[in-house]
>>> print(open('upload03.txt').read())   # compact mmCIF, C-alpha atoms and all ligand atoms
# COMPACT_ATOMS: atom_id res chain seq x y z
CA MET A 1 -0.22 -30.28 -3.14
CA GLN A 2 -2.01 -27.09 -2.20
CA ARG A 3 -0.35 -24.75 0.29
CA MET A 4 -2.34 -24.97 3.52
CA THR A 5 -2.38 -21.24 4.26
CA ALA A 6 -5.98 -20.02 4.13
CA ALA A 7 -8.46 -17.60 5.65
CA HIS A 8 -11.45 -19.56 6.90
CA ILE A 9 -14.55 -17.39 6.99
CA ASP A 10 -17.47 -18.30 9.22
CA ARG A 11 -20.51 -16.63 7.71
CA GLU A 12 -22.81 -17.80 10.47
CA ALA A 13 -20.59 -15.89 12.90
CA ILE A 14 -21.08 -12.76 10.79
CA ARG A 15 -24.85 -13.24 10.92
CA GLU A 16 -24.73 -13.69 14.67
CA ASN A 17 -22.52 -10.64 15.12
CA PHE A 18 -25.04 -8.67 13.08
CA ALA A 19 -27.78 -9.96 15.38
CA LEU A 20 -25.74 -8.79 18.36
CA THR A 21 -25.66 -5.26 16.96
CA ARG A 22 -29.46 -5.33 16.94
CA THR A 23 -29.52 -6.47 20.56
CA LEU A 24 -27.16 -3.67 21.59
CA ALA A 25 -29.14 -1.03 19.68
CA PRO A 26 -32.69 -2.39 19.69
CA GLY A 27 -34.32 0.86 18.58
CA ALA A 28 -32.11 1.34 15.53
CA GLN A 29 -31.83 -0.24 12.12
CA ALA A 30 -28.41 -1.43 11.03
CA LEU A 31 -26.47 -0.61 7.89
CA ALA A 32 -23.83 -3.32 7.46
CA VAL A 33 -20.46 -1.88 6.45
CA ILE A 34 -18.92 -4.29 3.94
CA LYS A 35 -16.43 -1.99 2.24
CA ALA A 36 -12.85 -3.07 1.51
CA ASP A 37 -13.95 -6.55 0.46
CA ALA A 38 -15.94 -6.84 3.68
CA TYR A 39 -12.83 -6.05 5.72
CA GLY A 40 -10.99 -8.79 3.85
CA HIS A 41 -13.70 -11.42 4.33
CA GLY A 42 -14.99 -11.27 0.74
CA ILE A 43 -17.68 -8.76 -0.19
CA LEU A 44 -19.95 -11.09 -2.16
CA PRO A 45 -20.07 -14.04 0.25
CA VAL A 46 -20.57 -11.62 3.14
CA ALA A 47 -23.30 -9.70 1.29
CA GLU A 48 -25.02 -12.99 0.52
CA ALA A 49 -24.77 -14.00 4.18
CA LEU A 50 -26.34 -10.73 5.35
CA GLN A 51 -28.73 -10.21 2.46
CA ASP A 52 -31.87 -11.07 4.44
CA LEU A 53 -30.72 -9.22 7.57
CA ALA A 54 -29.20 -5.90 6.51
CA PRO A 55 -31.51 -3.45 4.74
CA ILE A 56 -28.53 -1.37 3.57
CA PHE A 57 -24.93 -2.23 2.78
CA GLY A 58 -22.24 0.42 3.20
CA VAL A 59 -19.34 0.34 0.72
CA ALA A 60 -16.59 2.85 0.09
CA THR A 61 -16.64 3.13 -3.68
CA ILE A 62 -18.91 2.96 -6.71
CA ASP A 63 -16.88 -0.02 -7.96
CA GLU A 64 -17.59 -1.95 -4.77
CA ALA A 65 -21.27 -1.11 -5.14
CA LEU A 66 -21.28 -2.21 -8.78
CA ALA A 67 -19.73 -5.54 -7.81
CA LEU A 68 -22.73 -6.09 -5.53
CA ARG A 69 -25.16 -5.18 -8.30
CA GLU A 70 -23.38 -7.39 -10.86
CA ALA A 71 -23.75 -10.29 -8.46
CA GLY A 72 -27.47 -9.58 -8.21
CA ILE A 73 -27.49 -8.30 -4.62
CA PRO A 74 -30.76 -6.34 -4.40
CA ASN A 75 -30.27 -4.55 -1.05
CA SER A 76 -29.89 -0.80 -0.84
CA VAL A 77 -26.25 0.20 -1.12
CA LEU A 78 -24.79 3.42 0.27
CA VAL A 79 -21.50 4.65 -1.21
CA LEU A 80 -19.86 6.07 1.91
CA GLU A 81 -17.08 8.01 0.18
CA GLY A 82 -19.48 9.68 -2.20
CA VAL A 83 -18.44 10.65 -5.72
CA THR A 84 -16.43 13.32 -7.50
CA THR A 85 -17.88 13.26 -11.01
CA VAL A 86 -21.23 13.50 -12.77
CA GLU A 87 -20.40 10.18 -14.50
CA ALA A 88 -20.23 8.50 -11.11
CA CYS A 89 -23.62 10.03 -10.24
CA GLU A 90 -25.00 8.60 -13.47
CA ALA A 91 -23.63 5.16 -12.60
CA ALA A 92 -25.27 5.46 -9.20
CA GLN A 93 -28.55 6.40 -10.85
CA ALA A 94 -28.34 3.54 -13.34
CA HIS A 95 -27.70 0.98 -10.61
CA ASP A 96 -29.94 2.39 -7.89
CA LEU A 97 -27.11 3.25 -5.50
CA MET A 98 -27.38 5.73 -2.66
CA LEU A 99 -24.69 8.38 -2.45
CA MET A 100 -23.21 10.00 0.60
CA VAL A 101 -23.41 13.76 0.14
CA HIS A 102 -20.49 15.09 2.14
CA ALA A 103 -19.57 18.20 0.14
CA LYS A 104 -21.59 21.12 -1.17
CA GLU A 105 -20.36 20.36 -4.70
CA HIS A 106 -22.46 17.20 -4.71
CA VAL A 107 -25.68 19.22 -4.75
CA VAL A 108 -25.07 20.60 -8.25
CA MET A 109 -23.65 17.31 -9.53
CA MET A 110 -26.72 15.35 -8.47
CA SER A 111 -29.39 17.91 -9.31
CA GLY A 112 -32.06 16.61 -11.66
CA MET A 113 -31.05 12.99 -11.29
CA SER A 114 -33.16 10.28 -9.79
CA LEU A 115 -30.91 9.57 -6.82
CA SER A 116 -31.14 8.80 -3.13
CA ALA A 117 -28.69 10.21 -0.65
CA TRP A 118 -27.53 10.37 2.91
CA VAL A 119 -26.09 13.71 3.97
CA LYS A 120 -22.98 13.68 6.12
CA VAL A 121 -22.30 16.57 8.44
CA ASP A 122 -18.90 17.25 9.96
CA THR A 123 -19.13 17.42 13.74
CA GLY A 124 -15.43 17.40 14.48
CA MET A 125 -13.60 14.74 12.50
CA HIS A 126 -12.80 17.20 9.69
CA ARG A 127 -12.37 14.50 7.06
CA LEU A 128 -15.68 14.35 5.20
CA GLY A 129 -18.89 16.24 5.76
CA ILE A 130 -20.57 19.55 5.15
CA ASN A 131 -20.44 22.20 7.82
CA ALA A 132 -23.24 22.09 10.37
CA ALA A 133 -24.31 25.61 9.42
CA ASP A 134 -24.93 24.48 5.82
CA LEU A 135 -26.97 21.38 6.66
CA ASN A 136 -30.50 22.68 6.22
CA ASP A 137 -29.59 24.57 3.06
CA VAL A 138 -27.92 21.50 1.50
CA ILE A 139 -30.90 19.28 2.33
CA GLU A 140 -33.34 21.82 0.85
CA ARG A 141 -31.30 22.24 -2.34
CA LEU A 142 -30.91 18.49 -2.77
CA GLN A 143 -34.64 17.99 -2.36
CA ALA A 144 -35.40 20.87 -4.74
CA GLY A 145 -33.16 19.11 -7.30
CA GLY A 146 -35.20 15.92 -6.96
CA VAL A 147 -32.80 13.99 -4.74
CA ASP A 148 -34.43 11.72 -2.17
CA VAL A 149 -32.59 12.51 1.08
CA GLN A 150 -33.03 9.45 3.28
CA ALA A 151 -30.90 10.21 6.32
CA VAL A 152 -28.43 12.58 7.93
CA CYS A 153 -25.28 11.19 9.53
CA THR A 154 -21.98 12.05 11.08
CA HIS A 155 -18.86 10.03 11.85
CA LEU A 156 -17.11 9.81 15.20
CA ALA A 157 -13.37 10.34 15.49
CA CYS A 158 -12.70 8.78 18.91
CA ALA A 159 -15.54 6.40 19.77
CA ASP A 160 -13.00 3.71 20.71
CA GLU A 161 -11.43 5.96 23.35
CA LEU A 162 -13.77 5.92 26.31
CA ASP A 163 -11.96 8.49 28.41
CA LYS A 164 -12.13 11.26 25.80
CA THR A 165 -14.84 13.93 25.69
CA THR A 166 -14.70 14.16 21.89
CA THR A 167 -17.53 11.67 21.32
CA THR A 168 -19.93 13.44 23.66
CA GLU A 169 -19.05 16.75 22.02
CA GLN A 170 -19.68 15.31 18.54
CA ILE A 171 -23.01 13.73 19.57
CA GLU A 172 -24.11 17.06 21.09
CA ALA A 173 -23.02 19.02 18.01
CA PHE A 174 -24.95 16.60 15.81
CA GLY A 175 -28.00 16.97 18.04
CA ARG A 176 -27.84 20.76 17.72
CA CYS A 177 -27.54 20.88 13.95
CA THR A 178 -30.26 18.26 13.38
CA ALA A 179 -32.68 19.64 15.99
CA THR A 180 -35.16 20.85 13.38
CA CYS A 181 -34.52 18.01 10.94
CA ASP A 182 -37.19 15.32 10.63
CA LEU A 183 -35.03 12.85 8.68
CA PRO A 184 -33.63 9.61 10.15
CA LEU A 185 -30.29 10.13 11.90
CA SER A 186 -27.14 8.03 12.11
CA ILE A 187 -23.95 8.38 14.16
CA ALA A 188 -22.66 5.06 15.46
CA ASN A 189 -19.83 2.92 14.16
CA SER A 190 -19.02 -0.33 16.01
CA ALA A 191 -17.33 1.33 18.98
CA ALA A 192 -20.31 3.62 19.44
CA VAL A 193 -22.78 0.76 19.05
CA ILE A 194 -21.00 -0.96 21.92
CA ALA A 195 -20.06 1.89 24.23
CA TRP A 196 -22.10 5.01 23.40
CA PRO A 197 -25.82 4.13 23.50
CA GLU A 198 -26.70 7.82 23.26
CA SER A 199 -25.33 7.69 19.69
CA HIS A 200 -27.60 4.90 18.43
CA ALA A 201 -30.25 7.16 16.82
CA ASP A 202 -32.20 5.67 13.88
CA TRP A 203 -29.42 3.86 12.01
CA ILE A 204 -26.25 2.28 13.36
CA ARG A 205 -23.37 1.58 10.96
CA PRO A 206 -21.36 -1.37 12.33
CA GLY A 207 -18.27 -2.55 10.47
CA ILE A 208 -15.50 -4.25 12.40
CA MET A 209 -17.84 -5.85 14.95
CA LEU A 210 -19.69 -7.73 12.20
CA TYR A 211 -16.45 -9.63 11.70
CA GLY A 212 -16.31 -10.49 15.39
CA VAL A 213 -13.50 -8.13 16.26
CA SER A 214 -13.58 -5.62 19.07
CA PRO A 215 -12.88 -2.01 18.14
CA PHE A 216 -11.37 -1.57 21.62
CA THR A 217 -7.95 -2.47 22.88
CA SER A 218 -9.31 -2.81 26.43
CA ASP A 219 -11.64 -5.58 27.58
CA ILE A 220 -15.31 -4.59 27.43
CA ASP A 221 -18.23 -6.82 28.49
CA ALA A 222 -20.35 -6.25 25.39
CA VAL A 223 -17.68 -7.49 23.00
CA ARG A 224 -17.53 -10.92 24.64
CA GLY A 225 -20.50 -12.01 22.54
CA LEU A 226 -18.63 -11.29 19.32
CA GLN A 227 -17.47 -14.28 17.31
CA PRO A 228 -14.34 -13.88 15.19
CA ALA A 229 -15.36 -14.60 11.61
CA MET A 230 -11.88 -15.04 10.11
CA THR A 231 -9.36 -17.66 11.11
CA LEU A 232 -6.05 -17.22 9.34
CA SER A 233 -4.46 -20.63 9.38
CA SER A 234 -1.45 -22.45 8.04
CA GLU A 235 0.73 -25.42 8.95
CA VAL A 236 4.14 -26.33 10.30
CA ILE A 237 6.42 -26.96 7.32
CA ALA A 238 9.73 -27.52 9.16
CA ILE A 239 11.06 -28.20 12.64
CA ARG A 240 14.70 -27.51 13.50
CA GLU A 241 16.79 -27.91 16.60
CA ILE A 242 19.22 -25.08 17.30
CA GLN A 243 21.88 -24.49 19.91
CA ALA A 244 22.04 -21.79 22.57
CA GLY A 245 23.45 -18.69 20.92
CA ASP A 246 22.09 -19.53 17.45
CA SER A 247 20.02 -16.82 15.81
CA VAL A 248 16.95 -17.23 13.62
CA GLY A 249 15.79 -15.54 10.43
CA TYR A 250 16.63 -12.35 8.53
CA GLY A 251 18.82 -9.90 10.34
CA ALA A 252 19.49 -12.51 13.04
CA ARG A 253 16.98 -10.55 15.13
CA TRP A 254 16.34 -13.28 17.71
CA THR A 255 19.05 -15.32 19.37
CA SER A 256 18.23 -18.37 21.43
CA ALA A 257 19.29 -18.28 25.07
CA ARG A 258 19.03 -22.08 25.29
CA ALA A 259 19.01 -25.12 23.04
CA SER A 260 15.67 -24.63 21.23
CA VAL A 261 13.24 -26.13 18.78
CA ILE A 262 12.03 -23.83 16.03
CA ALA A 263 8.94 -24.53 13.94
CA THR A 264 8.68 -22.81 10.57
CA ILE A 265 5.15 -21.90 9.47
CA ALA A 266 3.99 -21.26 5.90
CA VAL A 267 2.74 -17.71 6.28
CA GLY A 268 4.53 -14.43 5.72
CA TYR A 269 4.10 -10.83 4.83
CA ALA A 270 3.16 -11.73 1.25
CA ASP A 271 0.07 -13.31 2.80
CA GLY A 272 -0.68 -10.26 4.91
CA TYR A 273 0.93 -11.45 8.13
CA PRO A 274 2.50 -8.28 9.57
CA ARG A 275 6.23 -8.00 8.84
CA HIS A 276 6.73 -5.91 11.96
CA ALA A 277 5.31 -8.53 14.32
CA ARG A 278 7.62 -8.57 17.30
CA ASP A 279 9.22 -11.53 19.02
CA GLY A 280 6.55 -12.95 21.31
CA THR A 281 3.61 -12.41 18.95
CA PRO A 282 1.19 -15.24 19.80
CA VAL A 283 0.87 -18.18 17.42
CA TYR A 284 -1.50 -21.07 18.19
CA ILE A 285 -0.27 -24.59 17.49
CA GLY A 286 -1.86 -27.79 18.77
CA GLY A 287 -3.85 -26.19 21.56
CA ASN A 288 -1.09 -23.92 22.85
CA VAL A 289 -0.05 -20.34 22.26
CA MET A 290 3.64 -20.05 21.42
CA PRO A 291 5.87 -17.08 20.65
CA LEU A 292 6.93 -15.94 17.22
CA VAL A 293 10.69 -15.48 17.15
CA GLY A 294 12.73 -13.81 14.45
CA THR A 295 11.80 -11.52 11.59
CA VAL A 296 8.71 -12.34 9.53
CA SER A 297 9.77 -13.41 6.02
CA MET A 298 7.81 -13.06 2.80
CA ASP A 299 6.39 -16.59 3.00
CA MET A 300 7.32 -17.90 6.45
CA ILE A 301 7.49 -17.19 10.15
CA THR A 302 9.43 -18.97 12.86
CA VAL A 303 8.03 -19.99 16.25
CA ASP A 304 9.79 -21.15 19.41
CA VAL A 305 8.13 -24.50 20.21
CA THR A 306 10.78 -25.68 22.67
CA ASP A 307 8.29 -25.98 25.53
CA HIS A 308 5.88 -28.09 23.46
CA PRO A 309 7.71 -31.22 22.28
CA ASN A 310 4.63 -32.68 20.56
CA VAL A 311 4.64 -30.14 17.73
CA SER A 312 5.12 -32.02 14.44
CA LEU A 313 5.49 -31.38 10.75
CA GLY A 314 2.09 -30.64 9.17
CA ASP A 315 0.47 -29.52 12.43
CA PRO A 316 -2.26 -26.92 11.85
CA VAL A 317 -1.48 -23.38 13.01
CA GLU A 318 -3.79 -20.48 13.80
CA LEU A 319 -2.29 -17.05 13.18
CA TRP A 320 -5.45 -15.31 14.33
CA GLY A 321 -9.03 -16.30 14.95
CA ARG A 322 -10.86 -17.74 17.96
CA ASN A 323 -7.73 -18.69 19.89
CA VAL A 324 -5.52 -15.75 19.01
CA PRO A 325 -7.48 -12.48 18.80
CA VAL A 326 -6.44 -10.51 15.75
CA ASN A 327 -6.20 -7.51 18.07
CA ASP A 328 -3.37 -9.27 19.96
CA VAL A 329 -1.41 -9.84 16.77
CA ALA A 330 -2.05 -6.26 15.71
CA GLY A 331 -0.86 -4.99 19.10
CA HIS A 332 2.39 -6.92 18.73
CA ALA A 333 2.94 -5.32 15.32
CA GLY A 334 2.03 -1.72 16.16
CA MET A 335 -1.04 -2.04 13.94
CA ILE A 336 -4.82 -2.22 14.27
CA SER A 337 -7.04 -5.19 13.50
CA TYR A 338 -8.59 -3.36 10.55
CA GLU A 339 -5.21 -3.28 8.82
CA LEU A 340 -4.58 -6.97 9.34
CA LEU A 341 -8.02 -8.11 8.17
CA THR A 342 -8.04 -5.91 5.07
CA GLY A 343 -4.39 -6.75 4.39
CA VAL A 344 -4.77 -10.51 3.85
CA THR A 345 -3.53 -10.82 0.30
CA SER A 346 -5.15 -12.38 -2.74
CA ARG A 347 -2.85 -15.40 -2.68
CA VAL A 348 -4.59 -16.56 0.51
CA PRO A 349 -7.72 -18.50 -0.43
CA ARG A 350 -10.86 -17.56 1.48
CA LEU A 351 -12.65 -20.76 2.49
CA TYR A 352 -16.27 -20.32 3.50
CA ALA A 353 -18.31 -22.20 6.05
C1 LIG A 401 -18.94 6.29 7.53
C2 LIG A 401 -18.58 5.04 8.21
N1 LIG A 401 -19.49 4.45 9.00
C3 LIG A 401 -19.23 3.30 9.65
C4 LIG A 401 -18.00 2.68 9.54
C5 LIG A 401 -17.73 1.40 10.31
O1 LIG A 401 -16.73 1.58 11.26
P1 LIG A 401 -16.29 0.38 12.21
O2 LIG A 401 -15.65 -0.63 11.33
O3 LIG A 401 -15.32 0.99 13.14
O4 LIG A 401 -17.53 -0.13 12.84
C6 LIG A 401 -17.02 3.27 8.75
C7 LIG A 401 -15.69 2.66 8.66
O5 LIG A 401 -14.68 3.27 8.59
C8 LIG A 401 -17.32 4.47 8.07
O6 LIG A 401 -16.42 5.06 7.28
>>> encode(input="upload03.txt", output="structure tokens")
Amino acid sequence: MQRMTAAHIDREAIRENFALTRTLAPGAQALAVIKADAYGHGILPVAEALQDLAPIFGVATIDEALALREAGIPNSVLVLEGVTTVEACEAAQAHDLMLMVHAKEHVVMMSGMSLSAWVKVDTGMHRLGINAADLNDVIERLQAGGVDVQAVCTHLACADELDKTTTTEQIEAFGRCTATCDLPLSIANSAAVIAWPESHADWIRPGIMLYGVSPFTSDIDAVRGLQPAMTLSSEVIAIREIQAGDSVGYGARWTSARASVIATIAVGYADGYPRHARDGTPVYIGGNVMPLVGTVSMDMITVDVTDHPNVSLGDPVELWGRNVPVNDVAGHAGMISYELLTGVTSRVPRLYA
């Protein structure tokens, strides 16, 4: 009998979330970010689902891009992390991949090759990107070397923090350094698509919102239209009655204050459920949200179902999805939704609708 733990992926939800990005940024085109196995949702099924909607896919690495090409995905693909070797440039050339130029060294590496590129300028994140002062020179040298520069972009450090001035400063810095540039421009990740319309420019680059997850911890109107694409589900595999004063799980972290009923669920940190989830992390069983109690084990968690006497062996359980936002689980574990979605392990089958 197959273990019931699975990640159910709703590809129609991903399509509708993509459509929502277009509604929020009607003047921009959208590059769909499907790196990291489409944030854990499966890069090929997600690429297939968005193939007729997204003109460009954004991936992190050449290998991710090659997986798309091997599967016959014809869309443009931008390698967001860029490359570090001439061999990688040659692979990009052979498979018609666009490279992110984020360092001056790329200009020499790519010179003379038949390649397309986006150029990334650093406006304050100080992770990737050429300096603003070098932008025009880098574009000219790339073009002189035969590279087709298709867009100029930057990445925002704090778009999910609405009370900070950093985003406005970055947008203004980008505006200054691209003032004389007639190439298409791109700034916005999901948080900026939702909350910073002045960042929309020519291309938006949504990631997390395609999967129906808000990039914000606070409640924002625009994210209400998002539909969670992943439901991590399992089942109740044991129900035990314990006495007041009994403790549950490794380290005896949680001790019952009353006679209690504990349901054991077949999901644990080896599936990607966060080991540091605190007591009280929401778990959805039979139409009700109930609290996780006790330390998360490798293959199991324990839930206090005392107040819901109908819970039975084999009942389906939602760990996150439409009833339990993944952001809530992440918040109870001191993590972010991105970590949880990309951390669902390979032993969890992805089941596609
Ligand atoms: C360059 C770039 N653009 C866009 C995104 C998408 O970000 P988000 O998932 O927050 O929308 C990422 C993700 O990290 C990125 O690295």
>>> residues_near_ligand(input="upload03.txt", ligand="ligand LIG 401 (chain A)", cutoff="6 Å", atoms="all atoms listed in the file", output="number ranges by chain")
A: 33, 80, 155, 189-190, 205-208
>>> residues_around(input="upload03.txt", residues="segment 159-176 of chain A", least_positions_apart="6", cutoff="8 Å", atoms="only C-alpha atoms", output="JSON, numbers by chain")
{"A": [121, 123, 124, 132, 187, 189, 191, 192, 195, 196, 198, 199, 215, 216]}
>>> atom_distance(input="upload03.txt", atom1="atom CA of Ala229 of chain A", atom2="atom CA of Arg275 of chain A")
22.7 Å
>>> atom_distance(input="upload03.txt", atom1="atom CA of Leu142 of chain A", atom2="atom CA of Val83 of chain A")
15.0 Å
>>> closest_residue(input="upload03.txt", among="A:Ala7, A:Ala28, A:Ala94, A:Ile56", to="Ser186 of chain A", atoms="all atoms listed in the file")
A:Ala28
>>> residues_around(input="upload03.txt", residues="Asp96 of chain A", least_positions_apart="4", cutoff="10 Å", atoms="all atoms listed in the file", output="ChimeraX atom specification")
/A:65-66,69,74-78,90-92,114-116
>>> closest_residue(input="upload03.txt", among="A:Gly245, A:Ala144, A:Gly321, A:Val79", to="Pro228 of chain A", atoms="all atoms listed in the file")
A:Gly321
>>> closest_residue(input="upload03.txt", among="A:Ile130, A:Met4, A:Cys177, A:Ala88", to="Asp271 of chain A", atoms="all atoms listed in the file")
A:Met4
>>> residues_around(input="upload03.txt", residues="Glu235 of chain A", least_positions_apart="2", cutoff="6 Å", atoms="all atoms listed in the file", output="VMD selection string")
chain A and resid 265 314 to 317
>>> closest_residue(input="upload03.txt", among="A:Ala133, A:Ala49, A:Val152, A:Ala333", to="Asp279 of chain A", atoms="all atoms listed in the file")
A:Ala333
>>> decode(input="upload03.txt", residues="segment 114-155 of chain A", atoms="C-alpha atoms", output="PDB file, in the first residue's frame")
ATOM      1  CA  SER A 114      25.716  34.001 -30.927  1.00  0.00           C
ATOM      2  CA  LEU A 115      24.031  34.699 -27.596  1.00  0.00           C
ATOM      3  CA  SER A 116      21.195  36.738 -26.163  1.00  0.00           C
ATOM      4  CA  ALA A 117      21.454  38.410 -22.801  1.00  0.00           C
ATOM      5  CA  TRP A 118      19.778  40.470 -20.155  1.00  0.00           C
ATOM      6  CA  VAL A 119      22.071  42.817 -18.271  1.00  0.00           C
ATOM      7  CA  LYS A 120      21.617  43.103 -14.523  1.00  0.00           C
ATOM      8  CA  VAL A 121      22.614  46.277 -12.766  1.00  0.00           C
ATOM      9  CA  ASP A 122      23.154  46.495  -9.028  1.00  0.00           C
ATOM     10  CA  THR A 123      20.978  49.211  -7.513  1.00  0.00           C
ATOM     11  CA  GLY A 124      21.524  48.336  -3.884  1.00  0.00           C
ATOM     12  CA  MET A 125      21.185  44.619  -3.242  1.00  0.00           C
ATOM     13  CA  HIS A 126      24.936  44.061  -3.721  1.00  0.00           C
ATOM     14  CA  ARG A 127      24.568  40.401  -4.619  1.00  0.00           C
ATOM     15  CA  LEU A 128      24.658  40.271  -8.420  1.00  0.00           C
ATOM     16  CA  GLY A 129      24.886  43.041 -10.960  1.00  0.00           C
ATOM     17  CA  ILE A 130      27.297  45.401 -12.617  1.00  0.00           C
ATOM     18  CA  ASN A 131      27.755  48.864 -11.193  1.00  0.00           C
ATOM     19  CA  ALA A 132      25.399  51.508 -12.536  1.00  0.00           C
ATOM     20  CA  ALA A 133      28.337  53.558 -13.795  1.00  0.00           C
ATOM     21  CA  ASP A 134      29.445  50.646 -16.025  1.00  0.00           C
ATOM     22  CA  LEU A 135      26.051  49.928 -17.566  1.00  0.00           C
ATOM     23  CA  ASN A 136      26.333  51.778 -20.867  1.00  0.00           C
ATOM     24  CA  ASP A 137      29.886  50.569 -21.423  1.00  0.00           C
ATOM     25  CA  VAL A 138      28.941  46.926 -20.747  1.00  0.00           C
ATOM     26  CA  ILE A 139      25.960  47.116 -23.109  1.00  0.00           C
ATOM     27  CA  GLU A 140      28.094  48.668 -25.858  1.00  0.00           C
ATOM     28  CA  ARG A 141      30.857  46.083 -25.472  1.00  0.00           C
ATOM     29  CA  LEU A 142      28.383  43.207 -25.456  1.00  0.00           C
ATOM     30  CA  GLN A 143      26.748  44.512 -28.611  1.00  0.00           C
ATOM     31  CA  ALA A 144      30.134  45.078 -30.256  1.00  0.00           C
ATOM     32  CA  GLY A 145      30.933  41.419 -29.487  1.00  0.00           C
ATOM     33  CA  GLY A 146      27.758  40.312 -31.259  1.00  0.00           C
ATOM     34  CA  VAL A 147      25.627  39.658 -28.188  1.00  0.00           C
ATOM     35  CA  ASP A 148      21.939  40.482 -28.554  1.00  0.00           C
ATOM     36  CA  VAL A 149      21.105  42.484 -25.414  1.00  0.00           C
ATOM     37  CA  GLN A 150      17.369  42.107 -24.916  1.00  0.00           C
ATOM     38  CA  ALA A 151      16.721  43.856 -21.612  1.00  0.00           C
ATOM     39  CA  VAL A 152      18.233  45.574 -18.604  1.00  0.00           C
ATOM     40  CA  CYS A 153      17.083  44.589 -15.124  1.00  0.00           C
ATOM     41  CA  THR A 154      17.717  44.973 -11.447  1.00  0.00           C
ATOM     42  CA  HIS A 155      16.566  43.033  -8.392  1.00  0.00           C
TER      43      HIS A 155
END
